[in-house]
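A.B. asks: Below is a structure I'd like to ask you about.
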Amino acid sequence: MRELVARYLSHSISRRAFLKGMTGAGVSLVAAKEILESLVPVAHAQAQGAIEGVKVVEGSGGLCFAEQLIASGVKYVFGNSASEDAHFYEALVDRPQLKYILTPHEGPGAAMAAGYVKASGEPTIVMQAAAVGLVNAMGQMFNAYKEQTPLVFYSYRTDQSGRAGRDGFEEVANQEQLVQPLTKYSWLARRPEMIPETVRRAFKAAWTPPHGPTYCSWHSDFNDAQVKTEVILQSKVDPRMRVRPNPAEVERAAKLLVEARMPLMIVGDEIYGAKAMAKAVKLAELLGMPVTQARQMFVNFPEGHPLWVGPPPAARLDSLDYPKNPDVVINVGNKLQHNSPAPIIGRGAKFIDLRIDSGSIGNVMLTEVPLVADVAHGLDDLTAAVSQLLTGTLRNKIRTRASEVKAFHDKAATLRNLVMQNPDWNRAPMLADRVTREVAQFADKDAIIVHEAGSVNLHGFDFNPAGGRELFFYYGAHLGSGVGTAAGVKLARPNRQVICLVGDGSFIFGPTALWNMARLELPVITVVYNNHAYSGPHSRVVEKVPGGRMIQTGHFFHDYLGSPDMNMALIAKGLGVEGEVANSPDELRDALLRARKAAADGKPYLIDAQVARVGVAWADKPWTPTSKS
Amino acid sequence: MYRSLVLIALLSASTLALAQRGKPAAVGFPDAPGKEVLLEKCFQCHTPGMWMDQRQERRAWESTLYRMIGRGALWTEDEIKAMADYLGKVYAK
C-alpha cells in the first residue's frame with residue numbers, strides 16, 4: 001500500500017491504477033476511494049503550478065535518475081554493485097516503489113530482467129558498473145536485440161567529465177559505442193541535467209515497435225552533481241505506435257487468401273506481444289487454414305487446435321509433412337530466422353507478410369503483399385476483409401479443407417506419442433525424451449516452461465497461451481539465459497508454476513540467478529538435462545567431418561564435459577537452492593514430487609537429471625586430456 | 001516442438017543442397033527392403049554424412065529412429081520397423 005501511495009503521488013500511476021492496485025491488495029473499493037480522496041490535496045499541492053505529467057526535481061543526478069525511472073513506470077531495477085551509483089542508491093531509500101534487485105553477475109541479471117519484461121510487459125532497467133560490468137551484460141543484450149525485447153541498459157563511465165580521455169581506471173574510449181550494433185539507441189548524456197531526458201529517450205526507443213534494447217550512459221560525476229531538471233511521465237513522450245495496415249494491401253491479401261487452393265499461416269512472436277492469438281485463431285478458422293510456426297520464443301497458436309499442423313522439422317516449409325505446396329503463405333508476426341541460403345518459404349508460393357517490423361520485410365522473401373501493422377489491428381482488418389469476400393461456394397470449400405487439416409492434426413498427434421515406444425524408454429541414465437515427457441506429465445495445466453536446453457525438442461506439453469501452458473524459449477542463443485529468465489518470469493507471474501528446462505552446457509554459463517531465486521523466494525523448479533557434454537557441437541562436427549580422424553580415433557576435443565562430472569545439485573546448494581541428482585525415470589518422478597513440495601513452501605528446487613549421451617560417435621569412454629598428453 | 005538452433009544449424013546446409021538437387025543420390029545405400037522408406041523419410045532432414053559412420057545393432061537403430069519422433073518426425077510404427085530392419089542389416093555393428 002505504501003508503494004502504491006508513493007507511486008500515485010509521484011504521478012507514475014493513474015487514479016484507476018491506484019484503485020485497482022488497492023483492491024488487488026485486499027482493500028475494499030469504498031476504502032480505496034476514501035484513501036484516494038485523502039491523497040488528492042497532497043497530489044494537487046505537489047502539482048500546483050506544474051504542467052501535468054511534468055515534475056521539476058532538484059537533487060543529485062542519481063536522485064533525478066531514480067525519479068525518471070519512477071516516471072517511466074519502472075518497478076524493479078536489476079543491477080550489480082556499482083560504487084559510482086552511490087547517489088542513486090541513496091535516493092532509493094526513500095523511494096520504496098523502486099525495488100533494487102542485486103544480481104551477482106550481470107549476464108544472468110540481465111536475463112532475469114529480460115524474463116521479467118517478457119512475462120510482465122512492464123518496463124525495467126539493467127544497471128552495471130561501467131564498461132567492465134557492461135561487457136558482462138552484453139551477451140544478454142545480444143539476446144534482447146535478436147529477440148526484440150524492450151530492455152533498457154545503463155552504466156556510467158567511471159572516468160569523470162574532468163578527466164575523461166586519459167585512459168584511466170575502467171575507462172574505454174567511446175564506451176557507448178561498444179553496444180551500437182546490439183541496440184536501437186545508445187547515448188551519452190552530455191550534462192547532468194540531461195540524465196532524465198536521456199533515460200526517457202532510452203525507454204521510448206526500447207518500447208516503440210519493433211521493440212529492442214537501448215543503452216544510456218553518462219560520466220560518473222554526473223550522478224554526484226546537484227541539478228534541477230524536469231522529470232516527465234513516459235506516457236507524455238510515448239508515440240503509442242499501433243499502426244493499422246494499408247487498406248488497399250489488406251484487400252489484396254484477402255483476395256489472395258480466399259482464392260487460394262491451400263493457404264498456410266505462419267505465426268510468430270508479434271502475436272504473443274500484441275495478445276492477438278484469438279484473432280489469429282479467428283482468421284485461420286474463417287479460412288480453414290492450416291497453421292505452423294518456425295522458430296520463435298513463444299507459442300503463438302494453441303497446439304491442440306485442429307488447424308495446428310506443427311512446426312517444420314527442418315525449419316523450412318518444404319519439410320512439413322502437411323500441407324505440401326501451399327500456394328499462398330501468410331506470415332503473422334514471425335521474424336523468420338533464415339539459417340541457410342534457401343528461404344524458409346519456397347519461391348513457388350505467394351507471400352503475405354503481416355508484421356510491424358518493416359525493416360526486415362522483403363529482406364529475403366519475395367513479398368506479394370506487405371502489411372506493415374500492429375498484428376492485432378492487421379488481423380482484425382484482414383478478417384473483416386476476408387469475411388466480405390466469402391460466398392456459399394467458398395464456405396463449402398473451406399469446410400472441406402478444415403476437415404482435411406483436422407484429419408492430419410489428429411494423425412500427427414497420435415504419431416508424436418510414439419516417442420514413448422522407444423525400446424530404451426526406461427533406461428538409466430535417461431533419454432532426454434523421457435525427461436521431457438516426465439516433466440510434461442508433471443507440469444501444471446497452466447505452467448510456464450522456460451526452455452534453454454538447446455539439443456532438446458519439447459513434446460507432450462500441448463502449449464496454449466490462452467489459459468494453458470506457456471513457453472519461453474530462446475531465440476538469441478547467447479547461452480546462460482535460462483535460469484535468469486525463469487527467475488524473472490516467476491517474479492512477474494508469482495501465481496504460476498514456472499519450470500526451467502536447461503541443458504548442462506547452458507546451465508553452467510549462468511547459474512547465479514539461482515541465488516536470486518533463493519533470496520527472493522521465487523519457487524522455480526529447474527531441471528537440468530545433464531549428459532555431461534555439448535550435444536549440439538558434437539553432432540555438427542560429425543556432420544561436417546564424416547568419417548574423419550575424430551570419428552576414427554574417438555578424439556573429440558570440444559564436447560565432453562565429464563571427468564570430473566559436474567554435480568549441478570551441489571552447485572545449486574552452494575547458491576542456496578536445494579536439489580538432487582536423478583539417475584532414472586523413477587528417481588526423476590520422485591524428485592519432481594519433492595520439487596513440488598518445495599515450491600509449495602516458497603522454495604526453488606533443482607533436479608540434476610542424468611541423461612544418456614546418444615547419437616553418432618559417442619565413445620563409451622570419451623577421450624579426455626591429461627597434463628602429460 | 002520447436003527445432004533447436006542446434007538442429008537447424010545441423011540441417012541447414014545439407015537440406016539446402018537436397019532441396020536444390022531434388023532427390024539425393026543414394027550412395028552407400030544398397031538395395032534391400034526398407035531402403036525406399038528410409039530415403040524418403042530420413043533425407044527429409046538429414047544428409048547421409050550425419051550417420052553413415054554409425055554402426056550399431058537393429059535395436060539401437062530402432063531407438064535412434066524413435067528419438068527422431070521426439071525431434072518432430074511423423075512416422076508410423078510400420079515405417080520405423082522397415083527402416084530399423086534396413087539399417088540393422090546394412091549398417092550393423
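Ligands are numbered from 1 in the order shown, chains are lettered A, B, ... in the order of the C-alpha cells, and residues start at 1 in each chain.
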Counting only C-alpha atoms, collect the residues of chain A whose closest atom lies at most 6 Å from chain B, and write them out as a ChimeraX atom specification.

C.D. replies: /A:313-314,340,342,415,419,422-423,454,457-459,536,540,543,546-547,616

A.B. asks: Do a neighbour search on Ala412 of chain A at 9 Å with only C-alpha atoms, toss out local chain neighbours closer than 2 positions, and write the hits as a list in words.

C.D. replies: Val309, Gly310, Ala407, Phe408, His409, Asp410, Thr414, Leu415, Arg416 and Asn417 of chain A; Leu74 and Trp75 of chain B

A.B. asks: Extract the full set of strand (DSSP E) residues from segment 407-540 of chain A according to DSSP on the backbone, and format it as a PDB file with C-alpha atoms, in the first residue's frame.

C.D. replies:
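So the final result, stored in selection.pdb, reads:
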ATOM      1  CA  ILE A 448       5.181 -21.680 -17.756  1.00  0.00           C
ATOM      2  CA  ILE A 449       8.086 -23.582 -19.268  1.00  0.00           C
ATOM      3  CA  VAL A 450      11.346 -21.704 -19.708  1.00  0.00           C
ATOM      4  CA  HIS A 451      13.392 -23.731 -22.171  1.00  0.00           C
ATOM      5  CA  GLU A 452      17.108 -23.386 -22.722  1.00  0.00           C
ATOM      6  CA  GLU A 470       3.132 -21.191 -21.989  1.00  0.00           C
ATOM      7  CA  LEU A 471       6.605 -21.500 -23.445  1.00  0.00           C
ATOM      8  CA  PHE A 472       9.519 -19.096 -23.061  1.00  0.00           C
ATOM      9  CA  VAL A 498       7.482 -21.928 -13.528  1.00  0.00           C
ATOM     10  CA  ILE A 499       9.684 -24.794 -14.685  1.00  0.00           C
ATOM     11  CA  CYS A 500      13.108 -24.114 -16.143  1.00  0.00           C
ATOM     12  CA  LEU A 501      14.445 -26.762 -18.525  1.00  0.00           C
ATOM     13  CA  VAL A 502      18.094 -26.257 -19.240  1.00  0.00           C
ATOM     14  CA  GLY A 503      20.981 -28.244 -20.692  1.00  0.00           C
ATOM     15  CA  ILE A 525      11.652 -25.768 -10.434  1.00  0.00           C
ATOM     16  CA  THR A 526      14.813 -26.180 -12.502  1.00  0.00           C
ATOM     17  CA  VAL A 527      15.531 -29.416 -14.348  1.00  0.00           C
ATOM     18  CA  VAL A 528      18.988 -29.796 -15.859  1.00  0.00           C
ATOM     19  CA  TYR A 529      19.368 -32.262 -18.729  1.00  0.00           C
ATOM     20  CA  ASN A 530      22.846 -33.363 -17.721  1.00  0.00           C
TER      21      ASN A 530
END

A.B. asks: Using DSSP secondary structure from the backbone, list all helix (DSSP H, G or I) positions within segment 15-91 of chain B, as a PDB file with N, CA and C atoms, in the first residue's frame.

C.D. replies:
ATOM      1  N   THR B  15      20.324 -29.632 -46.023  1.00  0.00           N
ATOM      2  CA  THR B  15      18.986 -29.653 -46.588  1.00  0.00           C
ATOM      3  C   THR B  15      18.859 -28.695 -47.758  1.00  0.00           C
ATOM      4  N   LEU B  16      19.641 -27.626 -47.727  1.00  0.00           N
ATOM      5  CA  LEU B  16      19.635 -26.734 -48.879  1.00  0.00           C
ATOM      6  C   LEU B  16      20.089 -27.496 -50.110  1.00  0.00           C
ATOM      7  N   ALA B  17      21.188 -28.219 -49.931  1.00  0.00           N
ATOM      8  CA  ALA B  17      21.716 -28.965 -51.064  1.00  0.00           C
ATOM      9  C   ALA B  17      20.676 -29.934 -51.594  1.00  0.00           C
ATOM     10  N   LEU B  18      19.984 -30.588 -50.669  1.00  0.00           N
ATOM     11  CA  LEU B  18      18.981 -31.558 -51.099  1.00  0.00           C
ATOM     12  C   LEU B  18      17.824 -30.863 -51.807  1.00  0.00           C
ATOM     13  N   ALA B  19      17.431 -29.722 -51.236  1.00  0.00           N
ATOM     14  CA  ALA B  19      16.313 -29.003 -51.837  1.00  0.00           C
ATOM     15  C   ALA B  19      16.643 -28.580 -53.255  1.00  0.00           C
ATOM     16  N   GLN B  20      17.881 -28.214 -53.459  1.00  0.00           N
ATOM     17  CA  GLN B  20      18.264 -27.731 -54.774  1.00  0.00           C
ATOM     18  C   GLN B  20      18.416 -28.886 -55.769  1.00  0.00           C
ATOM     19  N   ARG B  21      18.847 -30.013 -55.244  1.00  0.00           N
ATOM     20  CA  ARG B  21      19.110 -31.128 -56.154  1.00  0.00           C
ATOM     21  C   ARG B  21      17.884 -31.986 -56.389  1.00  0.00           C
ATOM     22  N   LYS B  35      14.719 -49.718 -47.974  1.00  0.00           N
ATOM     23  CA  LYS B  35      15.561 -48.635 -48.478  1.00  0.00           C
ATOM     24  C   LYS B  35      14.726 -47.424 -48.915  1.00  0.00           C
ATOM     25  N   GLU B  36      13.653 -47.683 -49.636  1.00  0.00           N
ATOM     26  CA  GLU B  36      12.875 -46.568 -50.177  1.00  0.00           C
ATOM     27  C   GLU B  36      12.280 -45.702 -49.067  1.00  0.00           C
ATOM     28  N   VAL B  37      11.730 -46.364 -48.062  1.00  0.00           N
ATOM     29  CA  VAL B  37      11.123 -45.580 -46.977  1.00  0.00           C
ATOM     30  C   VAL B  37      12.195 -44.815 -46.210  1.00  0.00           C
ATOM     31  N   LEU B  38      13.368 -45.422 -46.075  1.00  0.00           N
ATOM     32  CA  LEU B  38      14.474 -44.741 -45.395  1.00  0.00           C
ATOM     33  C   LEU B  38      14.889 -43.472 -46.143  1.00  0.00           C
ATOM     34  N   LEU B  39      15.061 -43.624 -47.454  1.00  0.00           N
ATOM     35  CA  LEU B  39      15.498 -42.463 -48.237  1.00  0.00           C
ATOM     36  C   LEU B  39      14.436 -41.360 -48.211  1.00  0.00           C
ATOM     37  N   GLU B  40      13.188 -41.786 -48.243  1.00  0.00           N
ATOM     38  CA  GLU B  40      12.110 -40.795 -48.244  1.00  0.00           C
ATOM     39  C   GLU B  40      12.017 -40.054 -46.910  1.00  0.00           C
ATOM     40  N   LYS B  41      12.157 -40.804 -45.826  1.00  0.00           N
ATOM     41  CA  LYS B  41      11.912 -40.196 -44.512  1.00  0.00           C
ATOM     42  C   LYS B  41      13.148 -39.489 -43.948  1.00  0.00           C
ATOM     43  N   CYS B  42      14.276 -40.166 -43.950  1.00  0.00           N
ATOM     44  CA  CYS B  42      15.451 -39.611 -43.250  1.00  0.00           C
ATOM     45  C   CYS B  42      16.034 -38.415 -43.997  1.00  0.00           C
ATOM     46  N   PRO B  48      23.405 -38.120 -45.767  1.00  0.00           N
ATOM     47  CA  PRO B  48      23.987 -39.386 -45.313  1.00  0.00           C
ATOM     48  C   PRO B  48      25.188 -39.177 -44.394  1.00  0.00           C
ATOM     49  N   GLY B  49      25.936 -38.084 -44.588  1.00  0.00           N
ATOM     50  CA  GLY B  49      27.143 -37.862 -43.807  1.00  0.00           C
ATOM     51  C   GLY B  49      26.917 -37.874 -42.317  1.00  0.00           C
ATOM     52  N   MET B  50      25.705 -37.538 -41.907  1.00  0.00           N
ATOM     53  CA  MET B  50      25.403 -37.456 -40.476  1.00  0.00           C
ATOM     54  C   MET B  50      25.537 -38.803 -39.793  1.00  0.00           C
ATOM     55  N   ARG B  58      20.340 -53.623 -34.640  1.00  0.00           N
ATOM     56  CA  ARG B  58      18.998 -53.187 -35.043  1.00  0.00           C
ATOM     57  C   ARG B  58      18.245 -52.475 -33.925  1.00  0.00           C
ATOM     58  N   ARG B  59      18.351 -53.032 -32.718  1.00  0.00           N
ATOM     59  CA  ARG B  59      17.615 -52.427 -31.602  1.00  0.00           C
ATOM     60  C   ARG B  59      18.069 -50.982 -31.371  1.00  0.00           C
ATOM     61  N   ALA B  60      19.384 -50.785 -31.469  1.00  0.00           N
ATOM     62  CA  ALA B  60      19.901 -49.417 -31.267  1.00  0.00           C
ATOM     63  C   ALA B  60      19.427 -48.490 -32.380  1.00  0.00           C
ATOM     64  N   TRP B  61      19.354 -49.023 -33.610  1.00  0.00           N
ATOM     65  CA  TRP B  61      18.817 -48.203 -34.706  1.00  0.00           C
ATOM     66  C   TRP B  61      17.346 -47.856 -34.451  1.00  0.00           C
ATOM     67  N   GLU B  62      16.626 -48.837 -33.938  1.00  0.00           N
ATOM     68  CA  GLU B  62      15.214 -48.588 -33.639  1.00  0.00           C
ATOM     69  C   GLU B  62      15.091 -47.452 -32.610  1.00  0.00           C
ATOM     70  N   SER B  63      15.954 -47.485 -31.603  1.00  0.00           N
ATOM     71  CA  SER B  63      15.951 -46.420 -30.589  1.00  0.00           C
ATOM     72  C   SER B  63      16.274 -45.066 -31.225  1.00  0.00           C
ATOM     73  N   THR B  64      17.263 -45.092 -32.123  1.00  0.00           N
ATOM     74  CA  THR B  64      17.620 -43.849 -32.819  1.00  0.00           C
ATOM     75  C   THR B  64      16.419 -43.297 -33.576  1.00  0.00           C
ATOM     76  N   LEU B  65      15.708 -44.162 -34.271  1.00  0.00           N
ATOM     77  CA  LEU B  65      14.568 -43.713 -35.072  1.00  0.00           C
ATOM     78  C   LEU B  65      13.454 -43.152 -34.186  1.00  0.00           C
ATOM     79  N   TYR B  66      13.220 -43.796 -33.049  1.00  0.00           N
ATOM     80  CA  TYR B  66      12.190 -43.274 -32.154  1.00  0.00           C
ATOM     81  C   TYR B  66      12.598 -41.921 -31.567  1.00  0.00           C
ATOM     82  N   ARG B  67      13.905 -41.708 -31.416  1.00  0.00           N
ATOM     83  CA  ARG B  67      14.347 -40.387 -30.944  1.00  0.00           C
ATOM     84  C   ARG B  67      14.018 -39.300 -31.974  1.00  0.00           C
ATOM     85  N   MET B  68      14.022 -39.686 -33.231  1.00  0.00           N
ATOM     86  CA  MET B  68      13.662 -38.704 -34.265  1.00  0.00           C
ATOM     87  C   MET B  68      12.193 -38.278 -34.153  1.00  0.00           C
ATOM     88  N   ILE B  69      11.359 -39.166 -33.633  1.00  0.00           N
ATOM     89  CA  ILE B  69       9.960 -38.769 -33.365  1.00  0.00           C
ATOM     90  C   ILE B  69       9.956 -37.587 -32.389  1.00  0.00           C
ATOM     91  N   GLY B  70      10.811 -37.693 -31.394  1.00  0.00           N
ATOM     92  CA  GLY B  70      10.919 -36.607 -30.423  1.00  0.00           C
ATOM     93  C   GLY B  70      11.425 -35.320 -31.037  1.00  0.00           C
ATOM     94  N   GLU B  77       4.591 -46.802 -36.940  1.00  0.00           N
ATOM     95  CA  GLU B  77       5.378 -47.923 -36.391  1.00  0.00           C
ATOM     96  C   GLU B  77       5.889 -48.826 -37.513  1.00  0.00           C
ATOM     97  N   ASP B  78       5.060 -49.023 -38.545  1.00  0.00           N
ATOM     98  CA  ASP B  78       5.487 -49.877 -39.664  1.00  0.00           C
ATOM     99  C   ASP B  78       6.679 -49.260 -40.392  1.00  0.00           C
ATOM    100  N   GLU B  79       6.626 -47.953 -40.570  1.00  0.00           N
ATOM    101  CA  GLU B  79       7.744 -47.281 -41.244  1.00  0.00           C
ATOM    102  C   GLU B  79       9.022 -47.372 -40.401  1.00  0.00           C
ATOM    103  N   ILE B  80       8.877 -47.203 -39.117  1.00  0.00           N
ATOM    104  CA  ILE B  80      10.052 -47.301 -38.235  1.00  0.00           C
ATOM    105  C   ILE B  80      10.622 -48.720 -38.284  1.00  0.00           C
ATOM    106  N   LYS B  81       9.735 -49.681 -38.274  1.00  0.00           N
ATOM    107  CA  LYS B  81      10.189 -51.083 -38.324  1.00  0.00           C
ATOM    108  C   LYS B  81      10.954 -51.344 -39.619  1.00  0.00           C
ATOM    109  N   ALA B  82      10.398 -50.862 -40.727  1.00  0.00           N
ATOM    110  CA  ALA B  82      11.059 -51.090 -42.021  1.00  0.00           C
ATOM    111  C   ALA B  82      12.447 -50.446 -42.052  1.00  0.00           C
ATOM    112  N   MET B  83      12.542 -49.216 -41.513  1.00  0.00           N
ATOM    113  CA  MET B  83      13.838 -48.526 -41.515  1.00  0.00           C
ATOM    114  C   MET B  83      14.818 -49.195 -40.561  1.00  0.00           C
ATOM    115  N   ALA B  84      14.329 -49.641 -39.403  1.00  0.00           N
ATOM    116  CA  ALA B  84      15.214 -50.314 -38.440  1.00  0.00           C
ATOM    117  C   ALA B  84      15.716 -51.633 -39.019  1.00  0.00           C
ATOM    118  N   ASP B  85      14.847 -52.352 -39.740  1.00  0.00           N
ATOM    119  CA  ASP B  85      15.267 -53.610 -40.377  1.00  0.00           C
ATOM    120  C   ASP B  85      16.401 -53.333 -41.366  1.00  0.00           C
ATOM    121  N   TYR B  86      16.197 -52.320 -42.174  1.00  0.00           N
ATOM    122  CA  TYR B  86      17.191 -51.993 -43.198  1.00  0.00           C
ATOM    123  C   TYR B  86      18.523 -51.587 -42.557  1.00  0.00           C
ATOM    124  N   LEU B  87      18.456 -50.652 -41.622  1.00  0.00           N
ATOM    125  CA  LEU B  87      19.696 -50.142 -41.009  1.00  0.00           C
ATOM    126  C   LEU B  87      20.387 -51.236 -40.189  1.00  0.00           C
ATOM    127  N   GLY B  88      19.599 -52.065 -39.541  1.00  0.00           N
ATOM    128  CA  GLY B  88      20.176 -53.149 -38.746  1.00  0.00           C
ATOM    129  C   GLY B  88      20.908 -54.156 -39.603  1.00  0.00           C
ATOM    130  N   LYS B  89      20.521 -54.198 -40.876  1.00  0.00           N
ATOM    131  CA  LYS B  89      21.171 -55.136 -41.793  1.00  0.00           C
ATOM    132  C   LYS B  89      22.361 -54.475 -42.497  1.00  0.00           C
ATOM    133  N   VAL B  90      22.136 -53.282 -43.031  1.00  0.00           N
ATOM    134  CA  VAL B  90      23.157 -52.623 -43.856  1.00  0.00           C
ATOM    135  C   VAL B  90      24.185 -51.886 -43.008  1.00  0.00           C
TER     136      VAL B  90
END

A.B. asks: To one decimal place in Å, what is the distance between atom CA of Phe153 of chain A and atom CA of Asp94 of chain A?

C.D. replies: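 Straight-line distance from atom CA of Phe153 of chain A to atom CA of Asp94 of chain A works out to 23.2 Å.
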
A.B. asks: Considering only C-alpha atoms, return as a list in words whatever protein or nucleic-acid residues lie within 8 Å of Thr436 of chain A, sequence-local ones (same chain, fewer than 3 positions apart) excluded.

C.D. replies: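 Contacts, with the query itself left out: Ala432, Asp433, Val439, Ala440, Leu458, His459 and Gly460 of chain A.
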
A.B. asks: May I have the residues from that selection written out with N, CA and C atoms, as a PDB file, in the first residue's frame?

C.D. replies:
ATOM      1  N   ALA A 432      16.739 -38.114 -23.111  1.00  0.00           N
ATOM      2  CA  ALA A 432      16.235 -36.744 -22.942  1.00  0.00           C
ATOM      3  C   ALA A 432      14.727 -36.703 -23.161  1.00  0.00           C
ATOM      4  N   ASP A 433      14.249 -37.494 -24.134  1.00  0.00           N
ATOM      5  CA  ASP A 433      12.808 -37.538 -24.396  1.00  0.00           C
ATOM      6  C   ASP A 433      12.029 -37.998 -23.162  1.00  0.00           C
ATOM      7  N   VAL A 439       8.400 -34.484 -17.240  1.00  0.00           N
ATOM      8  CA  VAL A 439       8.107 -33.098 -16.845  1.00  0.00           C
ATOM      9  C   VAL A 439       6.763 -32.670 -17.424  1.00  0.00           C
ATOM     10  N   ALA A 440       6.494 -33.069 -18.668  1.00  0.00           N
ATOM     11  CA  ALA A 440       5.221 -32.699 -19.299  1.00  0.00           C
ATOM     12  C   ALA A 440       4.041 -33.281 -18.520  1.00  0.00           C
ATOM     13  N   LEU A 458      11.017 -30.126 -27.217  1.00  0.00           N
ATOM     14  CA  LEU A 458       9.926 -30.424 -26.288  1.00  0.00           C
ATOM     15  C   LEU A 458       8.764 -31.082 -27.016  1.00  0.00           C
ATOM     16  N   HIS A 459       8.095 -31.976 -26.301  1.00  0.00           N
ATOM     17  CA  HIS A 459       6.874 -32.585 -26.829  1.00  0.00           C
ATOM     18  C   HIS A 459       6.008 -32.994 -25.651  1.00  0.00           C
ATOM     19  N   GLY A 460       4.729 -33.084 -25.912  1.00  0.00           N
ATOM     20  CA  GLY A 460       3.798 -33.540 -24.887  1.00  0.00           C
ATOM     21  C   GLY A 460       3.248 -32.436 -23.994  1.00  0.00           C
TER      22      GLY A 460
END

A.B. asks: Any idea what the distance is between atom CA of Pro290 of chain A and atom CA of Val258 of chain A?

C.D. replies: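 Pair atom CA of Pro290 of chain A / atom CA of Val258 of chain A returns 13.6 Å.
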
A.B. asks: Between A:Leu29, A:Gly484, A:Ala66, A:Glu170, which residue has the minimum interatomic distance to Ala110 of chain A, considering only C-alpha atoms?

C.D. replies: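 Result for the nearest residue to Ala110 of chain A: A:Gly484.
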
A.B. asks: Kindly give the distance, in Å, that separates atom CA of Leu575 of chain A and atom CA of Val524 of chain A, rounded to a single decimal.

C.D. replies: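 Answer for the atom CA of Leu575 of chain A to atom CA of Val524 of chain A separation: 13.9 Å.
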
A.B. asks: When you look at segment 485-487 of chain A with a cut-off of 8 Å (counting only C-alpha atoms), what residues show up, excluding the ones that are within fewer than 5 positions of it in the same chain? I need them as a list in words.

C.D. replies: Pro108, Ala111, Met112, Ala113, Ala114, Gly115, Tyr116, Val450, Val498, Ile499, Cys500, Ala513, Leu514, Asn516, Met517, Leu522 and Val524 of chain A

A.B. asks: Could you take the residues named above and write them with N, CA and C atoms, as a short mmCIF file (atom, residue, chain, number, x, y, z; two decimals), in the first residue's frame?

C.D. replies:
data_model
loop_
_atom_site.label_atom_id
_atom_site.label_comp_id
_atom_site.auth_asym_id
_atom_site.auth_seq_id
_atom_site.Cartn_x
_atom_site.Cartn_y
_atom_site.Cartn_z
N PRO A 108 23.38 -13.23 -16.06
CA PRO A 108 22.11 -13.76 -15.55
C PRO A 108 21.20 -12.65 -15.01
N ALA A 111 19.45 -11.39 -17.93
CA ALA A 111 18.48 -12.41 -18.37
C ALA A 111 17.25 -12.38 -17.48
N MET A 112 17.47 -12.16 -16.19
CA MET A 112 16.34 -12.07 -15.25
C MET A 112 15.46 -10.87 -15.59
N ALA A 113 16.11 -9.77 -15.89
CA ALA A 113 15.36 -8.57 -16.28
C ALA A 113 14.57 -8.82 -17.56
N ALA A 114 15.20 -9.48 -18.52
CA ALA A 114 14.53 -9.77 -19.79
C ALA A 114 13.34 -10.70 -19.57
N GLY A 115 13.52 -11.70 -18.70
CA GLY A 115 12.42 -12.61 -18.38
C GLY A 115 11.26 -11.85 -17.75
N TYR A 116 11.60 -10.91 -16.88
CA TYR A 116 10.56 -10.10 -16.23
C TYR A 116 9.80 -9.28 -17.27
N VAL A 450 10.21 -22.45 -19.16
CA VAL A 450 11.35 -21.70 -19.71
C VAL A 450 12.34 -22.74 -20.23
N VAL A 498 6.44 -22.20 -12.53
CA VAL A 498 7.48 -21.93 -13.53
C VAL A 498 8.51 -23.05 -13.46
N ILE A 499 8.71 -23.70 -14.59
CA ILE A 499 9.68 -24.79 -14.69
C ILE A 499 10.75 -24.38 -15.69
N CYS A 500 11.99 -24.47 -15.27
CA CYS A 500 13.11 -24.11 -16.14
C CYS A 500 13.78 -25.40 -16.62
N ALA A 513 21.69 -16.94 -11.02
CA ALA A 513 20.33 -16.48 -10.75
C ALA A 513 19.61 -17.41 -9.77
N LEU A 514 20.15 -18.61 -9.55
CA LEU A 514 19.58 -19.48 -8.51
C LEU A 514 19.63 -18.77 -7.16
N ASN A 516 19.39 -15.64 -6.63
CA ASN A 516 18.28 -14.69 -6.59
C ASN A 516 16.97 -15.40 -6.29
N MET A 517 16.80 -16.61 -6.87
CA MET A 517 15.58 -17.37 -6.58
C MET A 517 15.48 -17.66 -5.08
N LEU A 522 11.65 -17.22 -4.92
CA LEU A 522 10.99 -17.45 -6.20
C LEU A 522 11.04 -18.95 -6.46
N VAL A 524 10.99 -21.49 -8.36
CA VAL A 524 11.12 -22.07 -9.70
C VAL A 524 11.64 -23.51 -9.56
#
